[in-house]
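First up is the structure itself, then whatever we jot down about it.
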Amino acid sequence: MSTLEKLQSAKNLTDLAKLLGFTPKGASYVLYKLPTSQKYRTFEIPKKSGGTRTINAPEKSLSLLQKRLGELLYECVTEHQKGHPRFWHASHGFQKDRTIISNAEAHRRRRFVFNVDIENFFGTLNFGRVRGFFIHDKAFTLDPAIATIIAQIACHDNALPQGSPCSPVISNLIGNILDLRLLALARDAKCTYTRYADDLTFSTNEKLFPTEIAINVHGSEWIVGKRLNKQIERAGFTLNDDKTRMSLRQSRQTVTGLVVNAKANINIDYYRTTRSMCNSLFRNGTYYRKSGDAPEPIDNLNPLEGMLSHIYFVKARRDRKQQVNRLAVKAGEFKPPHAPVDLYRKFLLYKHFIAPSAPVIVTEGISDITYLKCAIRSLANSFPSLVKEKDGKTTHSVNFLRPTGTTRDVLNLGHGASGQASLVSQYSNILKKYVHKPMEHPVIILCDNDGGPKEVFKKAASKSGKAISKTTTDPFYHLGDNLYLVKVPEVTPPIDRDIEDLFQPSLLTTVLDGKPFDKKKDHGDETAYGKVVFAEKVVRANASTVDFSGFSDLLSRIDQCLTHYKTVVPMALPAATTGTTGTP
């Protein structure tokens, strides 16, 4: 039986809870017992166009329930698409392998590009519409009781909240009703139509733009055509007239923020603004962002990182080919493939190493981060400098540089020990690129004590001025500036040790699905499971009962780095050039 068939056969909360991986009691508590005031956290975020957007973020248990519902509905969509290939054909938002880039690419090199925006898109998808859709839509036809429960899980204040994990898929399902009508309208008018969330775009190479979609009333002023407006109202939506715009081939044409005259690309003004903000940050530690008549300097890195991430996301996918597109040059589009990556790299180096918000630990692998987070929480009483209270819970007060694709591709830091060695080698040259260097917190490279980090030891020794090997026993090594090296603690007699050896031997013998643990493998294979699975399904899943006492010496070394940087390195001279060791 398919996932969709299981959902269609569900009759009550017990049936649905089972499909969502919840107990009926657990789902009932989240829906009906948890006080409404505790279900969501509300906050505002700035819009690119000005003003703010209200975000209602669900609390942990409700978020998990909504996430499971979203995953279930996406499985149903995938199954339905197998028999209906054009299902969700027009929508490019909230779908795997579809992005703002694919949405924009559909409208490149067109004579006319017409954009309209739905007013309060999520807000108009109320409880009744969500419930009614799952009862009456031919792809679902769910039992009314199940449709009611789905609407109860998904809605807040009688609408789909922005911030809920299941709002995107449900909005797409209901939005598909509008898409089918507008696809038919676009086909009759010889236009291309796509939708990205609440942004609707029509484009054509016809000599005259079809009046059923838009009418030129005066000069550059266009209004929505009667047929288009009627179809949008029939689907239960209204348009935001302030965002209606027509762009012609001889002008800059944009779709979901990307220029499409020749090929989907970043607006050059957007890039220049972002670059200017970065230059200010690297010189002064602050930057200006347009906000009203008198913008004030800000030092919050999140908005700027979002802009750089957006530019990189577009450029990394679009500029795979090195040859220059002559049409893009002629259209005046921004084209250099390396400049955005270089700027993003410089920002990430600044964020993680020059001006981190807390001490930074650079591990060999992602599983090491899980081990350390769990160990810090378990041994919090012994290492108060490594923890903090957040939302009434104890959590780590240090940051971790996650070894992701971005770390490798943008920061040019390879995987594991090779990336750590590269960082040690480049570090002093990295600092020379910045005028503003607060360096209030140390950066700690944490590596195993075996043959793997041999190159790390070699490069670190040249920085510290002292030999570093598997047998040296200093608690830490100061490599100059705010950079430190910490090894997994040694034992007598000396043997190769990696971070997994800090667990009790019995934990390392845990069998999962009939497979033993092999710490030499990251992801495992058919014969054994690797470190990633061990970290999540053995360590994190049983963190409350795992014995982390073996991590005490390692956390002590990290703690000593923090103390050393506070008391020994003069804060007035953060860019110290001499290396020391942690020898008492």
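Ordered as shown in the structure tokens, chains take letters A, B, and onward, while each chain numbers its residues from 1 and ligands are numbered from 1 in the order shown.
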Please provide as number ranges by chain all residues within 6 Å of stretch 81-96 of chain A, with the sequence filter that same-chain residues fewer than 6 positions apart are discarded (counting only C-alpha atoms). A: 103, 168, 194-197
Can you tell me which residues surround A:Phe22 at a distance of at most 12 Å, considering only C-alpha atoms, apart from same-chain residues fewer than 3 positions away, and format the answer as a count of residues only? 22
Mind checking which residues fall within 12 Å of A:Pro494, counting only C-alpha atoms, ignoring those fewer than 2 positions away in the same chain, and posting them as a ChimeraX atom specification? /A:449-450,469-473,488-492,496-497
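Shell of A:Ser397 at 6 Å, with only C-alpha atoms counted and residues fewer than 5 places along the chain excluded, is Leu386, Val387 and Lys388 of chain A.
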Write out as a ChimeraX atom specification which residues come within 10 Å of A:Glu79 when counting only C-alpha atoms, dropping same-chain ones fewer than 5 positions away. /A:2-4,73-74,84
Stretch 187-401 of chain A: which residues are alpha helix (DSSP H) by DSSP, as an MDAnalysis selection string? chainID A and resid 187:188 226:234 268:284 301:318 326:330 339:349 366:378
Residues of stretch 385-405 of chain A within 7 Å of stretch 360-376 of chain A: nearest atom pair and distance (Å, one decimal) for each, counting only C-alpha atoms, sorted by chain and number, as a tab-separated table?
```
residue	atom	partner	partner_atom	distance
A:Leu386	CA	A:Ile376	CA	6.9
A:His396	CA	A:Ile376	CA	6.5
A:Val398	CA	A:Val360	CA	5.9
A:Asn399	CA	A:Val360	CA	4.7
A:Phe400	CA	A:Ile361	CA	4.9
A:Leu401	CA	A:Val362	CA	5.3
A:Arg402	CA	A:Ile366	CA	6.3
A:Pro403	CA	A:Ile366	CA	6.1
```
Writing out the chosen residues with N, CA, C and O atoms as a PDB file, in the first residue's frame:
```
ATOM      1  N   LEU A 386      32.363  26.231  29.208  1.00  0.00           N
ATOM      2  CA  LEU A 386      32.003  25.662  27.903  1.00  0.00           C
ATOM      3  C   LEU A 386      30.489  25.584  27.691  1.00  0.00           C
ATOM      4  O   LEU A 386      30.046  25.094  26.655  1.00  0.00           O
ATOM      5  N   HIS A 396      26.029  24.269  24.672  1.00  0.00           N
ATOM      6  CA  HIS A 396      27.453  24.610  24.560  1.00  0.00           C
ATOM      7  C   HIS A 396      27.626  26.103  24.274  1.00  0.00           C
ATOM      8  O   HIS A 396      26.806  26.722  23.583  1.00  0.00           O
ATOM      9  N   VAL A 398      30.474  27.249  22.862  1.00  0.00           N
ATOM     10  CA  VAL A 398      31.482  27.330  21.808  1.00  0.00           C
ATOM     11  C   VAL A 398      30.811  27.052  20.466  1.00  0.00           C
ATOM     12  O   VAL A 398      29.783  26.377  20.403  1.00  0.00           O
ATOM     13  N   ASN A 399      31.413  27.577  19.412  1.00  0.00           N
ATOM     14  CA  ASN A 399      30.922  27.320  18.061  1.00  0.00           C
ATOM     15  C   ASN A 399      31.752  26.216  17.413  1.00  0.00           C
ATOM     16  O   ASN A 399      32.892  25.960  17.814  1.00  0.00           O
ATOM     17  N   PHE A 400      31.176  25.593  16.397  1.00  0.00           N
ATOM     18  CA  PHE A 400      31.884  24.554  15.654  1.00  0.00           C
ATOM     19  C   PHE A 400      31.845  24.896  14.170  1.00  0.00           C
ATOM     20  O   PHE A 400      30.802  25.302  13.646  1.00  0.00           O
ATOM     21  N   LEU A 401      32.977  24.744  13.504  1.00  0.00           N
ATOM     22  CA  LEU A 401      33.015  24.924  12.055  1.00  0.00           C
ATOM     23  C   LEU A 401      32.590  23.611  11.416  1.00  0.00           C
ATOM     24  O   LEU A 401      33.350  22.642  11.411  1.00  0.00           O
ATOM     25  N   ARG A 402      31.370  23.599  10.903  1.00  0.00           N
ATOM     26  CA  ARG A 402      30.841  22.358  10.334  1.00  0.00           C
ATOM     27  C   ARG A 402      31.512  22.062   8.990  1.00  0.00           C
ATOM     28  O   ARG A 402      31.555  22.918   8.104  1.00  0.00           O
ATOM     29  N   PRO A 403      32.049  20.847   8.814  1.00  0.00           N
ATOM     30  CA  PRO A 403      32.719  20.484   7.556  1.00  0.00           C
ATOM     31  C   PRO A 403      31.705  20.152   6.464  1.00  0.00           C
ATOM     32  O   PRO A 403      31.332  19.005   6.249  1.00  0.00           O
TER      33      PRO A 403
END
```
Would you list, as an MDAnalysis selection string, the residues of stretch 126-355 of chain A that end up in strand (DSSP E) under DSSP run on this structure's backbone? chainID A and resid 192:196 199:204 214:218 221:224 245:248 254:255 258:259 265:266 287:288 297:298
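Atom pair atom CA of A:Gln8 / atom CA of A:Arg129: separated by 18.4 Å.
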Tell me which protein, DNA and RNA residues are within 12 Å of A:Gln560, counting only C-alpha atoms, leaving out same-chain ones fewer than 4 positions away, and put them as a VMD selection string. chain A and resid 383 385 to 386 442 444 474 to 478 484 to 486 553 to 556 564 to 568 581 to 584
Measuring atom to atom with only C-alpha atoms, identify which of A:Asn115, A:Ser428, A:Asn279, A:Thr509 is nearest to A:Lys346.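 Looking only at the distances to A:Lys346, the closest residue turns out to be A:Asn279.
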Fewer than 5 positions away in the same chain doesn't count, so skip those; otherwise give me all residues within 10 Å of A:Thr254, counting only C-alpha atoms, as JSON, numbers by chain. {"A": [104, 107, 108, 113, 114, 115, 201, 245, 246, 247, 259, 260, 261, 264, 265, 266, 267]}
Once you count only C-alpha atoms, what closest atom pair and distance in Å to one decimal does each residue of stretch 92-154 of chain A within 8 Å of stretch 234-238 of chain A have, with rows by chain and rising residue number, as a tab-separated table?
```
residue	atom	partner	partner_atom	distance
A:Ile118	CA	A:Thr238	CA	5.8
A:Glu119	CA	A:Thr238	CA	5.7
A:Phe121	CA	A:Phe237	CA	7.5
A:Thr124	CA	A:Phe237	CA	7.1
```
In Å, rounded to a single decimal, give me how far atom CA of A:Ser164 is from atom CA of A:Tyr40.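 Between atom CA of A:Tyr40 and atom CA of A:Ser164 the gap works out to 9.4 Å.
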Point-to-point distance from atom CA of A:Ile213 to atom CA of A:Leu228, Å rounded to tenths: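 Computing the Euclidean distance for atom CA of A:Ile213 and atom CA of A:Leu228 yields 5.2 Å.
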Would you mind telling me which residue in A:Ile153, A:Leu431, A:Leu173, A:Leu343 lies nearest to A:Glu305 when using only C-alpha atoms? A:Leu343
